[in-house]
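J.: Data file upload_20.txt (compact mmCIF, C-alpha atoms and all ligand atoms) is appended below.
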```
# COMPACT_ATOMS: atom_id res chain seq x y z
CA MET A 221 -18.96 35.18 87.49
CA GLN A 222 -15.47 33.81 86.94
CA PRO A 223 -14.16 31.76 89.87
CA HIS A 224 -10.83 33.57 89.94
CA ALA A 225 -12.55 36.94 90.16
CA VAL A 226 -14.08 36.16 93.54
CA GLN A 227 -11.39 34.13 95.25
CA ARG A 228 -9.09 36.10 97.48
CA ALA A 229 -5.50 35.72 96.41
CA THR A 230 -2.67 34.86 98.75
CA GLU A 231 0.69 36.58 98.74
CA ASN A 232 1.61 34.24 95.90
CA ASN A 233 -1.54 35.09 93.98
CA LEU A 234 -2.93 31.56 94.08
CA PRO A 235 -6.37 30.89 95.49
CA MET A 236 -6.34 30.18 99.25
CA SER A 237 -7.16 26.53 98.67
CA SER A 238 -4.04 25.84 96.58
CA PRO A 239 -1.15 23.87 98.08
CA SER A 240 2.01 25.86 98.57
CA SER A 241 4.69 23.28 99.02
CA PHE A 242 6.42 22.47 95.76
CA PRO A 243 10.19 22.41 96.11
CA VAL A 244 11.90 24.28 93.29
CA GLY A 245 15.66 24.21 93.63
CA GLY A 246 15.44 24.08 97.41
CA PHE A 247 12.79 26.79 97.77
CA ARG A 248 9.12 26.28 98.60
CA TYR A 249 6.89 27.58 95.83
CA PRO A 250 3.13 27.41 95.20
CA ARG A 251 3.83 25.88 91.76
CA PRO A 252 6.40 23.24 90.79
CA PHE A 253 8.22 25.73 88.57
CA LYS A 254 9.49 29.30 88.65
CA ILE A 255 9.59 31.26 85.43
CA ARG A 256 13.00 32.89 84.95
CA ARG A 257 12.47 34.99 81.86
CA LEU A 258 10.54 35.49 78.63
CA GLY A 259 12.46 33.28 76.20
CA HIS A 260 10.89 33.72 72.80
CA PHE A 261 7.76 34.65 70.93
CA GLY A 262 6.03 33.72 67.69
CA ILE A 263 3.48 35.06 65.24
CA ASN A 264 1.52 33.59 62.35
CA VAL A 265 1.97 35.61 59.17
CA GLN A 266 0.43 35.82 55.69
CA ASP A 267 3.71 35.38 53.79
CA ALA A 268 6.43 33.78 55.89
CA ALA A 269 9.17 34.28 53.26
CA LEU A 270 8.36 38.00 53.05
CA SER A 271 8.36 38.29 56.85
CA LEU A 272 11.64 36.38 57.05
CA ARG A 273 13.25 38.91 54.71
CA PHE A 274 11.81 41.82 56.75
CA TYR A 275 13.10 40.51 60.08
CA ARG A 276 16.52 39.50 58.73
CA GLU A 277 17.15 42.80 56.96
CA THR A 278 15.38 45.33 59.16
CA PHE A 279 16.13 43.91 62.58
CA GLY A 280 19.14 41.68 61.94
CA PHE A 281 17.65 38.35 63.02
CA ARG A 282 19.46 35.27 61.74
CA LEU A 283 17.66 32.21 60.45
CA SER A 284 18.42 29.25 62.72
CA ASP A 285 16.33 26.62 60.96
CA PRO A 286 13.28 26.34 58.71
CA LEU A 287 10.48 23.90 59.48
CA ASP A 288 8.32 22.50 56.69
CA PHE A 289 4.79 21.63 57.81
CA ALA A 290 3.80 20.05 54.45
CA ALA A 291 3.49 16.53 55.86
CA ARG A 292 1.23 17.76 58.69
CA VAL A 293 -1.31 19.52 56.46
CA PRO A 294 -4.53 17.44 56.27
CA VAL A 295 -4.85 15.58 52.97
CA ASP A 296 -7.91 17.54 51.83
CA MET A 297 -6.06 20.83 52.40
CA GLN A 298 -2.77 19.93 50.73
CA GLY A 299 -1.87 22.26 47.87
CA LYS A 300 -4.42 24.84 49.04
CA VAL A 301 -2.58 26.58 51.86
CA GLY A 302 0.38 28.19 50.09
CA ALA A 303 4.00 27.85 51.18
CA THR A 304 4.26 25.45 54.10
CA THR A 305 7.57 26.50 55.67
CA GLY A 306 7.93 28.37 58.96
CA TYR A 307 11.10 29.97 60.27
CA PHE A 308 13.02 30.01 63.56
CA LEU A 309 15.02 33.20 64.09
CA ARG A 310 17.58 34.28 66.67
CA HIS A 311 19.19 37.53 67.81
CA GLY A 312 21.74 35.89 70.14
CA SER A 313 22.82 32.40 71.07
CA ASP A 314 19.37 30.97 71.87
CA HIS A 315 18.38 28.81 68.89
CA HIS A 316 15.29 30.96 68.48
CA SER A 317 14.00 34.12 70.08
CA PHE A 318 11.36 34.77 67.45
CA VAL A 319 9.39 32.44 65.16
CA LEU A 320 7.34 33.05 62.03
CA PHE A 321 4.79 30.50 60.85
CA PRO A 322 2.46 30.63 57.83
CA GLN A 323 -1.05 31.56 58.95
CA ALA A 324 -2.98 29.44 56.42
CA VAL A 325 -0.88 26.38 57.24
CA MET A 326 -1.34 26.84 61.00
CA ASN A 327 -5.11 27.18 60.44
CA ALA A 328 -5.09 23.86 58.56
CA VAL A 329 -2.79 21.96 60.95
CA TYR A 330 -4.32 23.35 64.16
CA PRO A 331 -7.89 24.31 63.18
CA PRO A 332 -9.56 26.51 65.79
CA PRO A 333 -12.77 25.31 67.45
CA PRO A 334 -15.99 26.40 65.70
CA GLY A 335 -16.68 30.08 66.26
CA VAL A 336 -13.16 30.82 67.49
CA PRO A 337 -10.97 33.02 65.26
CA PRO A 338 -7.66 31.50 64.10
CA ALA A 339 -4.69 32.09 66.40
CA THR A 340 -2.42 34.91 65.26
CA ILE A 341 0.01 34.64 68.18
CA ASN A 342 1.88 31.38 67.72
CA GLN A 343 3.44 31.29 71.20
CA VAL A 344 4.46 33.31 74.25
CA THR A 345 7.35 31.35 75.67
CA TRP A 346 8.84 31.27 79.14
CA GLN A 347 12.07 29.74 80.41
CA VAL A 348 12.06 27.77 83.64
CA GLY A 349 15.13 26.51 85.48
CA SER A 350 15.24 22.76 84.95
CA LEU A 351 13.89 19.79 83.06
CA GLU A 352 12.20 18.73 86.29
CA GLU A 353 10.29 22.03 86.38
CA VAL A 354 9.00 21.34 82.86
CA VAL A 355 7.86 17.80 83.71
CA ARG A 356 6.30 18.70 87.08
CA GLY A 357 4.82 21.90 85.62
CA HIS A 358 3.13 19.85 82.91
CA GLU A 359 1.68 17.53 85.54
CA TRP A 360 0.52 20.54 87.58
CA PHE A 361 -1.24 22.27 84.69
CA SER A 362 -2.84 19.04 83.46
CA GLY A 363 -3.87 18.05 86.99
CA ARG A 364 -5.71 21.35 87.49
CA GLY A 365 -7.75 20.79 84.36
CA LEU A 366 -6.03 23.57 82.44
CA LYS A 367 -5.64 23.15 78.70
CA VAL A 368 -2.22 21.97 77.54
CA HIS A 369 -1.82 22.05 73.78
CA ARG A 370 1.12 19.63 73.57
CA ALA A 371 4.28 18.57 75.37
CA GLY A 372 7.61 16.97 74.59
CA ARG A 373 10.58 18.50 72.86
CA ASP A 374 11.09 21.04 70.08
CA THR A 375 12.83 19.96 66.91
CA PRO A 376 14.45 22.20 65.87
CA GLY A 377 15.50 24.07 69.01
CA SER A 378 16.00 21.07 71.35
CA ASN A 379 14.06 22.67 74.21
CA TRP A 380 11.91 20.49 76.47
CA HIS A 381 8.49 22.02 76.76
CA PHE A 382 4.76 22.05 77.17
CA TYR A 383 2.20 24.51 75.88
CA PRO A 384 -0.49 25.68 78.32
CA LEU A 385 -3.18 27.88 76.78
CA ASP A 386 -4.30 31.04 78.49
CA ARG A 387 -8.02 31.48 79.15
CA ALA A 388 -8.44 33.26 75.78
CA GLY A 389 -6.68 30.42 73.95
CA VAL A 390 -3.29 32.13 73.42
CA ALA A 391 -0.59 29.43 73.40
CA ASN A 392 2.06 29.93 76.04
CA GLU A 393 5.06 27.62 76.36
CA LEU A 394 7.26 26.71 79.32
CA TYR A 395 10.65 25.28 78.46
CA TYR A 396 14.05 24.26 79.67
CA GLY A 397 17.29 23.89 77.75
CA ILE A 398 17.02 25.66 74.43
CA GLU A 399 19.88 24.84 72.08
CA GLN A 400 22.70 27.40 72.07
CA ILE A 401 24.30 28.48 68.81
CA GLY A 402 27.93 29.48 69.28
CA TRP A 403 30.75 31.28 67.57
CA ASP A 404 30.60 29.15 64.42
CA GLY A 405 26.92 29.97 63.86
CA TYR A 406 25.77 26.44 63.02
CA SER A 407 22.49 25.12 64.35
CA LYS A 408 22.40 21.55 65.60
CA PRO A 409 22.03 19.05 62.73
CA ALA A 410 18.63 17.33 62.66
CA ALA A 411 20.42 13.97 62.69
CA MET A 412 21.65 14.70 66.23
CA HIS A 413 18.09 13.98 67.35
CA ASP A 414 17.77 10.21 67.34
CA LYS A 415 14.44 10.26 69.15
CA ARG A 416 11.26 12.33 68.81
CA TYR A 417 9.67 13.28 72.12
CA MET A 418 5.89 13.80 71.97
CA ALA A 419 5.49 13.63 75.75
CA PRO A 420 7.55 14.69 78.77
CA PRO A 421 10.57 12.41 79.29
CA GLN A 422 11.30 10.02 82.13
CA LEU A 423 13.54 11.68 84.70
CA PRO A 424 16.45 11.83 85.01
CA HIS A 425 17.35 12.17 81.35
CA ARG A 426 20.80 12.24 79.77
CA ALA A 427 22.28 15.71 79.22
CA GLU A 428 22.33 17.41 75.85
CA ALA A 429 26.14 17.17 75.75
CA ALA A 430 25.85 13.39 76.07
CA GLU A 431 23.39 13.36 73.15
CA VAL A 432 25.84 15.34 71.04
CA GLU A 433 28.66 12.97 71.88
CA ALA A 434 26.45 10.00 70.94
CA GLY A 435 25.52 11.73 67.67
CA MET A 436 29.15 12.38 66.81
CA ALA A 437 29.94 8.75 67.55
CA ARG A 438 27.20 7.81 65.03
CA GLY A 439 29.00 9.94 62.45
CA VAL A 440 26.82 13.08 62.50
CA GLY A 441 28.90 16.05 61.33
CA ILE A 442 29.01 19.14 63.55
CA THR A 443 28.62 21.48 60.53
CA GLU A 444 25.64 19.69 58.96
CA GLY A 445 23.28 22.23 60.54
CA LEU A 446 22.19 25.56 59.08
CA ARG A 447 24.43 28.64 59.16
CA ASP A 448 22.90 31.97 58.17
CA THR A 449 24.87 35.13 57.39
CA GLU A 450 24.24 38.88 57.67
CA ALA A 451 21.60 40.04 55.20
CA LEU A 452 22.90 43.60 54.64
CA PRO A 453 26.30 45.19 53.98
CA GLN A 454 28.13 45.60 57.29
CA VAL A 455 28.78 49.34 57.15
CA HIS A 456 27.27 50.73 60.36
CA ASP A 457 29.59 51.50 63.29
CA VAL A 458 27.88 50.25 66.45
CA GLY A 459 30.12 50.89 69.41
CA GLY A 460 33.17 50.28 67.24
CA VAL A 461 31.85 47.15 65.47
CA LEU A 462 30.58 47.12 61.88
CA LEU A 463 27.06 45.77 61.62
CA GLY A 464 24.38 45.61 58.94
CA ARG A 465 22.26 48.25 60.69
CA PRO A 466 23.04 51.00 63.21
CA PHE A 467 21.75 49.00 66.19
CA LYS A 468 21.71 45.51 67.66
CA VAL A 469 18.66 43.73 69.06
CA THR A 470 19.99 42.55 72.41
CA ARG A 471 16.87 41.18 74.10
CA VAL A 472 13.28 40.28 73.24
CA GLY A 473 10.08 41.14 75.08
CA PRO A 474 7.95 42.42 76.69
CA VAL A 475 4.78 41.05 75.13
CA ARG A 476 1.76 43.39 75.19
CA LEU A 477 -1.65 41.80 74.85
CA PHE A 478 -5.17 43.11 74.38
CA VAL A 479 -7.55 41.05 76.50
CA ASP A 480 -11.33 40.79 76.43
CA ASP A 481 -11.55 39.65 80.06
CA MET A 482 -8.92 41.09 82.39
CA GLN A 483 -9.79 38.82 85.33
CA GLN A 484 -9.41 35.73 83.14
CA ALA A 485 -6.09 37.02 81.85
CA LEU A 486 -4.85 37.70 85.38
CA ALA A 487 -6.03 34.23 86.43
CA PHE A 488 -3.56 32.80 83.95
CA TYR A 489 -0.57 35.16 83.83
CA ARG A 490 -0.58 36.06 87.53
CA ASP A 491 -2.12 33.02 89.22
CA ASP A 492 -1.17 30.10 86.95
CA LEU A 493 2.19 31.29 85.63
CA GLY A 494 3.08 33.10 88.87
CA LEU A 495 4.07 36.44 87.36
CA ALA A 496 4.02 39.38 89.78
CA VAL A 497 1.97 42.49 89.13
CA THR A 498 4.38 45.43 89.14
CA GLU A 499 1.98 48.23 88.36
CA GLU A 500 -1.55 49.04 87.29
CA VAL A 501 -2.39 52.03 85.13
CA VAL A 502 -5.83 53.48 84.42
CA TRP A 503 -5.90 55.30 81.08
CA GLN A 504 -9.09 56.69 79.55
CA GLY A 505 -11.01 54.68 82.16
CA GLU A 506 -9.36 51.36 81.21
CA ARG A 507 -7.22 49.49 83.74
CA CYS A 508 -3.99 47.96 82.38
CA HIS A 509 -1.75 45.50 84.24
CA PHE A 510 2.04 45.13 83.98
CA LEU A 511 3.55 41.83 85.20
CA ARG A 512 7.14 40.74 85.65
CA THR A 513 9.13 37.58 86.17
CA GLY A 514 12.56 38.94 87.06
CA THR A 515 13.82 42.43 87.77
CA GLU A 516 12.53 44.09 84.61
CA HIS A 517 9.46 46.28 85.18
CA HIS A 518 7.31 43.98 83.06
CA SER A 519 7.58 40.95 80.82
CA VAL A 520 3.93 40.95 79.81
CA ALA A 521 1.43 43.79 79.80
CA LEU A 522 -2.35 43.33 79.63
CA TYR A 523 -4.58 46.01 78.11
CA PRO A 524 -8.38 45.99 77.85
CA ALA A 525 -9.31 45.24 74.23
CA ALA A 526 -11.38 48.44 74.14
CA LEU A 527 -8.10 50.35 73.73
CA ARG A 528 -7.13 48.67 70.44
CA GLU A 529 -9.25 50.90 68.23
CA ARG A 530 -8.45 54.02 70.22
CA LEU A 531 -4.74 53.36 69.70
CA GLY A 532 -5.24 52.71 65.99
CA LEU A 533 -3.64 49.29 66.08
CA ARG A 534 -4.23 46.25 63.90
CA PRO A 535 -7.58 44.51 64.46
CA GLY A 536 -7.96 40.74 64.51
CA THR A 537 -5.14 39.91 66.91
CA PRO A 538 -4.70 40.05 70.68
CA LEU A 539 -1.13 41.28 70.10
CA LEU A 540 -0.54 44.94 70.89
CA SER A 541 3.22 44.63 70.43
CA PHE A 542 6.29 42.47 70.85
CA GLY A 543 9.37 44.16 72.31
CA LEU A 544 12.81 44.32 70.74
CA GLU A 545 15.38 45.89 73.03
CA VAL A 546 18.42 47.47 71.41
CA GLY A 547 21.81 47.95 73.06
CA ASP A 548 21.55 51.56 74.23
CA HIS A 549 19.88 54.92 73.72
CA SER A 550 22.27 55.96 70.93
CA GLN A 551 21.38 52.82 69.01
CA LEU A 552 17.69 53.48 69.60
CA CYS A 553 17.93 57.00 68.14
CA ARG A 554 19.77 55.66 65.09
CA ALA A 555 17.32 52.76 64.79
CA ARG A 556 14.48 55.28 64.46
CA GLY A 557 16.26 56.97 61.52
CA PHE A 558 17.10 53.61 59.93
CA LEU A 559 13.49 52.42 60.14
CA GLN A 560 12.23 55.70 58.67
CA GLU A 561 14.74 55.46 55.80
CA ARG A 562 13.55 51.94 55.03
CA GLY A 563 9.94 53.10 54.90
CA VAL A 564 8.80 51.16 57.98
CA ALA A 565 5.58 52.62 59.40
CA LEU A 566 6.10 53.92 62.95
CA ARG A 567 3.61 54.60 65.73
CA TYR A 568 3.91 55.86 69.30
CA LEU A 569 2.02 54.87 72.42
CA PRO A 570 1.08 57.44 75.06
CA GLN A 571 3.83 57.45 77.69
CA GLU A 572 1.31 56.52 80.39
CA LEU A 573 0.79 53.16 78.65
CA THR A 574 4.46 52.17 78.76
CA PRO A 575 5.44 52.59 82.42
CA GLY A 576 8.95 51.42 83.19
CA MET A 577 10.17 52.18 79.72
CA GLY A 578 11.89 55.27 78.34
CA HIS A 579 11.87 56.33 74.68
CA ASN A 580 10.28 53.71 72.48
CA LEU A 581 8.43 53.34 69.21
CA LEU A 582 6.22 50.84 67.46
CA ALA A 583 7.41 49.60 64.05
CA LEU A 584 4.82 47.82 61.92
CA ASP A 585 5.85 44.61 60.13
CA PRO A 586 4.43 43.41 56.77
CA ASP A 587 1.32 42.00 58.50
CA GLY A 588 0.77 45.14 60.57
CA TYR A 589 2.02 43.52 63.79
CA ALA A 590 3.72 46.08 66.02
CA LEU A 591 7.32 45.66 67.21
CA GLN A 592 8.14 47.85 70.18
CA VAL A 593 11.72 49.09 69.87
CA TYR A 594 13.28 50.49 73.03
CA SER A 595 16.49 50.49 75.05
CA GLY A 596 16.46 49.37 78.65
CA MET A 597 13.73 48.92 81.19
CA GLU A 598 13.21 50.09 84.75
CA GLN A 599 14.53 47.45 87.19
CA VAL A 600 12.47 46.32 90.17
CA GLY A 601 14.31 45.11 93.27
CA TRP A 602 13.60 43.08 96.40
CA ASP A 603 10.71 45.21 97.61
CA GLY A 604 8.83 44.87 94.31
CA LYS A 605 8.09 48.57 94.03
CA PRO A 606 8.31 50.38 90.71
CA ARG A 607 9.51 53.96 90.45
CA PRO A 608 6.69 56.41 91.23
CA ALA A 609 5.23 57.73 87.95
CA HIS A 610 6.01 61.37 88.83
CA LEU A 611 9.74 60.55 89.08
CA ARG A 612 9.90 59.24 85.52
CA PRO A 613 11.42 61.62 82.95
CA ALA A 614 8.82 63.08 80.57
CA ILE A 615 9.16 62.03 76.93
CA THR A 616 8.36 64.06 73.84
CA ASN A 617 8.33 61.97 70.69
CA ASP A 618 8.77 64.99 68.42
CA HIS A 619 12.30 65.31 69.72
CA TRP A 620 14.47 62.54 71.17
CA PRO A 621 17.58 63.98 72.89
CA GLN A 622 20.83 62.35 71.80
CA LEU A 623 22.18 62.45 75.36
CA LEU A 624 20.24 61.61 78.52
CA GLU A 625 21.06 61.73 82.21
CA PRO A 626 21.54 58.13 83.42
CA GLN A 627 19.07 56.76 85.95
CA PRO A 628 20.23 54.54 88.86
CA ASP A 629 19.07 51.46 86.93
CA THR A 630 20.40 52.45 83.49
CA PHE A 631 22.30 49.45 82.04
CA ALA A 632 21.29 47.46 85.17
CA GLY A 633 19.20 44.88 83.31
CA GLU A 634 20.32 41.59 81.78
CA PRO A 635 23.38 42.34 79.57
CA PHE A 636 23.88 40.85 76.11
CA LEU A 637 26.48 38.07 76.18
CA GLY A 638 29.21 37.78 73.59
CA PRO A 639 30.07 39.85 70.53
CA LEU A 640 27.28 41.82 68.79
CA ALA A 641 27.62 39.70 65.66
FE FE B 701 8.79 27.70 71.37
```
Could you rewrite the structure in this file as structure tokens?
T.:
Amino acid sequence: MQPHAVQRATENNLPMSSPSSFPVGGFRYPRPFKIRRLGHFGINVQDAALSLRFYRETFGFRLSDPLDFAARVPVDMQGKVGATTGYFLRHGSDHHSFVLFPQAVMNAVYPPPPGVPPATINQVTWQVGSLEEVVRGHEWFSGRGLKVHRAGRDTPGSNWHFYPLDRAGVANELYYGIEQIGWDGYSKPAAMHDKRYMAPPQLPHRAEAAEVEAGMARGVGITEGLRDTEALPQVHDVGGVLLGRPFKVTRVGPVRLFVDDMQQALAFYRDDLGLAVTEEVVWQGERCHFLRTGTEHHSVALYPAALRERLGLRPGTPLLSFGLEVGDHSQLCRARGFLQERGVALRYLPQELTPGMGHNLLALDPDGYALQVYSGMEQVGWDGKPRPAHLRPAITNDHWPQLLEPQPDTFAGEPFLGPLA
């Protein structure tokens, strides 16, 4: 029996024996960090260049930076793994909100243990509030004997991080301070990084702005980074702004996972990461869990793996779907037509399996991974209670109304900052 399955959880979901006295920003928490939001997500793909084109054109992601893994491929595998470049993509000002890495190269650089299938999810990444939370969080995970894949700092992306693995081996990442790309659209030049961090830094550390000033003093040019442009003609009117497609991806997540062992998954996402369970749903005899970090109904959803085949989704990956939120319901309706016109395969989940979410669809990418496209999520307040299921409007996927009655929490989630493009 798994230890976490038999230990009674406290209010904070940690076993009774765990200390509960880590100060985080002046509050006492049972862990030395508090996850603020889902930051980004990554998948391993068969043809990264093909996937890059799909995500740039179909969903409007911009390329922030490529990363060539050629030098990291073991000597005996060099020349045998295909194209070695992965891609960092963004929908807003975060340097990356989505990453694509070549599957064969990842298998060669990070070979799975014998008998374990290669990882298809590259990372599920969470933002914490400070560099100190990253450093102390790394100590906490390592000190409890939990697997940490690596730690240090992302280049490109600049975020300080460490990668704890969930009990099924899916790489999660906790980070602080991802690079922001502003109005001029340039990523930070690689030469701004004068030091490679392969371990957590000594605290306190100089601020990123001080690093940039030092880089400029060394003669690094501000526009030496990469600047991507819109992939499609900008002919679609989105709220009065011309974009390359009739919608804008304004937020990423939630992540939906199929899990072989629900108690092991809860031991990580609920007990180790500290996410709160918003709701449980039993569908066709299978119990699914929906967990949140902020006010959105869920940031990660866990489904028994037995449902994968019943839902007709891609085998060979624990990923059910990755969420892409668009700006509003009008954009969502037009996104559905745009995806159909472009020949993107669409699927729909039973409404019972997406509590907290209104109209939504699954769009399949070139590898058969599912992107869940939706607009807005139910917001959960101080008492932690979701809306009762019977008060949720019924959805018929044969017909999506163009106009809906607003709910009290419509447009109440995290707004998109800045212009749409
Ligand atoms: Fe990351």
J.: Write out as JSON lines the residues of chain A that have any atom within 10 Å of an atom of ligand FE 701 (chain B), one row each with the nearest atom pair and its distance in Å to one decimal, counting only C-alpha atoms and all ligand atoms, sorted by chain and then rising number.
T.:
```
{"residue": "A:Gly259", "atom": "CA", "partner": "B:FE701", "partner_atom": "FE", "distance": 8.2}
{"residue": "A:His260", "atom": "CA", "partner": "B:FE701", "partner_atom": "FE", "distance": 6.5}
{"residue": "A:Phe261", "atom": "CA", "partner": "B:FE701", "partner_atom": "FE", "distance": 7.0}
{"residue": "A:Gly262", "atom": "CA", "partner": "B:FE701", "partner_atom": "FE", "distance": 7.6}
{"residue": "A:Phe308", "atom": "CA", "partner": "B:FE701", "partner_atom": "FE", "distance": 9.2}
{"residue": "A:His315", "atom": "CA", "partner": "B:FE701", "partner_atom": "FE", "distance": 10.0}
{"residue": "A:His316", "atom": "CA", "partner": "B:FE701", "partner_atom": "FE", "distance": 7.8}
{"residue": "A:Ser317", "atom": "CA", "partner": "B:FE701", "partner_atom": "FE", "distance": 8.4}
{"residue": "A:Phe318", "atom": "CA", "partner": "B:FE701", "partner_atom": "FE", "distance": 8.5}
{"residue": "A:Val319", "atom": "CA", "partner": "B:FE701", "partner_atom": "FE", "distance": 7.8}
{"residue": "A:Asn342", "atom": "CA", "partner": "B:FE701", "partner_atom": "FE", "distance": 8.6}
{"residue": "A:Gln343", "atom": "CA", "partner": "B:FE701", "partner_atom": "FE", "distance": 6.4}
{"residue": "A:Val344", "atom": "CA", "partner": "B:FE701", "partner_atom": "FE", "distance": 7.6}
{"residue": "A:Thr345", "atom": "CA", "partner": "B:FE701", "partner_atom": "FE", "distance": 5.8}
{"residue": "A:Trp346", "atom": "CA", "partner": "B:FE701", "partner_atom": "FE", "distance": 8.6}
{"residue": "A:Gln347", "atom": "CA", "partner": "B:FE701", "partner_atom": "FE", "distance": 9.8}
{"residue": "A:Arg373", "atom": "CA", "partner": "B:FE701", "partner_atom": "FE", "distance": 9.5}
{"residue": "A:Asp374", "atom": "CA", "partner": "B:FE701", "partner_atom": "FE", "distance": 7.2}
{"residue": "A:Thr375", "atom": "CA", "partner": "B:FE701", "partner_atom": "FE", "distance": 9.8}
{"residue": "A:Pro376", "atom": "CA", "partner": "B:FE701", "partner_atom": "FE", "distance": 9.6}
{"residue": "A:Gly377", "atom": "CA", "partner": "B:FE701", "partner_atom": "FE", "distance": 8.0}
{"residue": "A:Ser378", "atom": "CA", "partner": "B:FE701", "partner_atom": "FE", "distance": 9.8}
{"residue": "A:Asn379", "atom": "CA", "partner": "B:FE701", "partner_atom": "FE", "distance": 7.8}
{"residue": "A:Trp380", "atom": "CA", "partner": "B:FE701", "partner_atom": "FE", "distance": 9.4}
{"residue": "A:His381", "atom": "CA", "partner": "B:FE701", "partner_atom": "FE", "distance": 7.8}
{"residue": "A:Phe382", "atom": "CA", "partner": "B:FE701", "partner_atom": "FE", "distance": 9.0}
{"residue": "A:Tyr383", "atom": "CA", "partner": "B:FE701", "partner_atom": "FE", "distance": 8.6}
{"residue": "A:Ala391", "atom": "CA", "partner": "B:FE701", "partner_atom": "FE", "distance": 9.8}
{"residue": "A:Asn392", "atom": "CA", "partner": "B:FE701", "partner_atom": "FE", "distance": 8.5}
{"residue": "A:Glu393", "atom": "CA", "partner": "B:FE701", "partner_atom": "FE", "distance": 6.2}
{"residue": "A:Leu394", "atom": "CA", "partner": "B:FE701", "partner_atom": "FE", "distance": 8.2}
{"residue": "A:Tyr395", "atom": "CA", "partner": "B:FE701", "partner_atom": "FE", "distance": 7.7}
{"residue": "A:Ile398", "atom": "CA", "partner": "B:FE701", "partner_atom": "FE", "distance": 9.0}
```
J.: As an exercise, work out the distance from CA of Asp285 (chain A) to CA of Glu444 (chain A) in Å and give it to one decimal place.
T.: 11.8 Å
J.: Taking 4 positions as the minimum chain separation for residues in the same chain, which residues sit within 10 Å of Arg556 (chain A) when counting only C-alpha atoms? Answer as an MDAnalysis selection string.
T.: chainID A and resid 466:467 551:552 560:561 564 566 580:583 593:594 620
J.: Can you measure CA of Ala269 (chain A) to CA of Thr304 (chain A) for me? One decimal in Å is fine.
T.: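 Between CA of Ala269 (chain A) and CA of Thr304 (chain A) the gap is 10.1 Å.
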J.: Report the distance between CA of Ala303 (chain A) and CA of Leu584 (chain A) in Å, rounded to one decimal place.
T.: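 Going from CA of Ala303 (chain A) over to CA of Leu584 (chain A) covers 22.7 Å.
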J.: Report as JSON lines the residues of region 369-411 of chain A within 12 Å of region 325-335 of chain A, each with its shortest atom pair and distance in Å (one decimal), using all atoms listed in the file, ordered by chain and increasing residue number.
T.:
```
{"residue": "A:His369", "atom": "CA", "partner": "A:Tyr330", "partner_atom": "CA", "distance": 10.0}
{"residue": "A:Arg370", "atom": "CA", "partner": "A:Tyr330", "partner_atom": "CA", "distance": 11.5}
{"residue": "A:Gly389", "atom": "CA", "partner": "A:Pro332", "partner_atom": "CA", "distance": 9.5}
{"residue": "A:Val390", "atom": "CA", "partner": "A:Pro332", "partner_atom": "CA", "distance": 11.4}
{"residue": "A:Ala391", "atom": "CA", "partner": "A:Tyr330", "partner_atom": "CA", "distance": 11.7}
```
J.: Find, counting all atoms listed in the file, the residue in A:Pro338, A:Ala485, A:Ala410, A:Asp603 that gets nearest to Thr498 (chain A).
T.: A:Asp603
J.: Which residues come within 9 Å of region 353-360 of chain A, counting only C-alpha atoms, excluding same-chain residues fewer than 6 positions away, as a PyMOL selection string?
T.: chain A and resi 244+251-254+366+368+371+380-384+394-396+420-423
J.: Find the residue from A:Cys553, A:Leu320, A:Met418, A:Leu533 that sits nearest to Leu623 (chain A); use only C-alpha atoms when measuring.
T.: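 Answer, going by the shortest atom-to-atom distance: A:Cys553.
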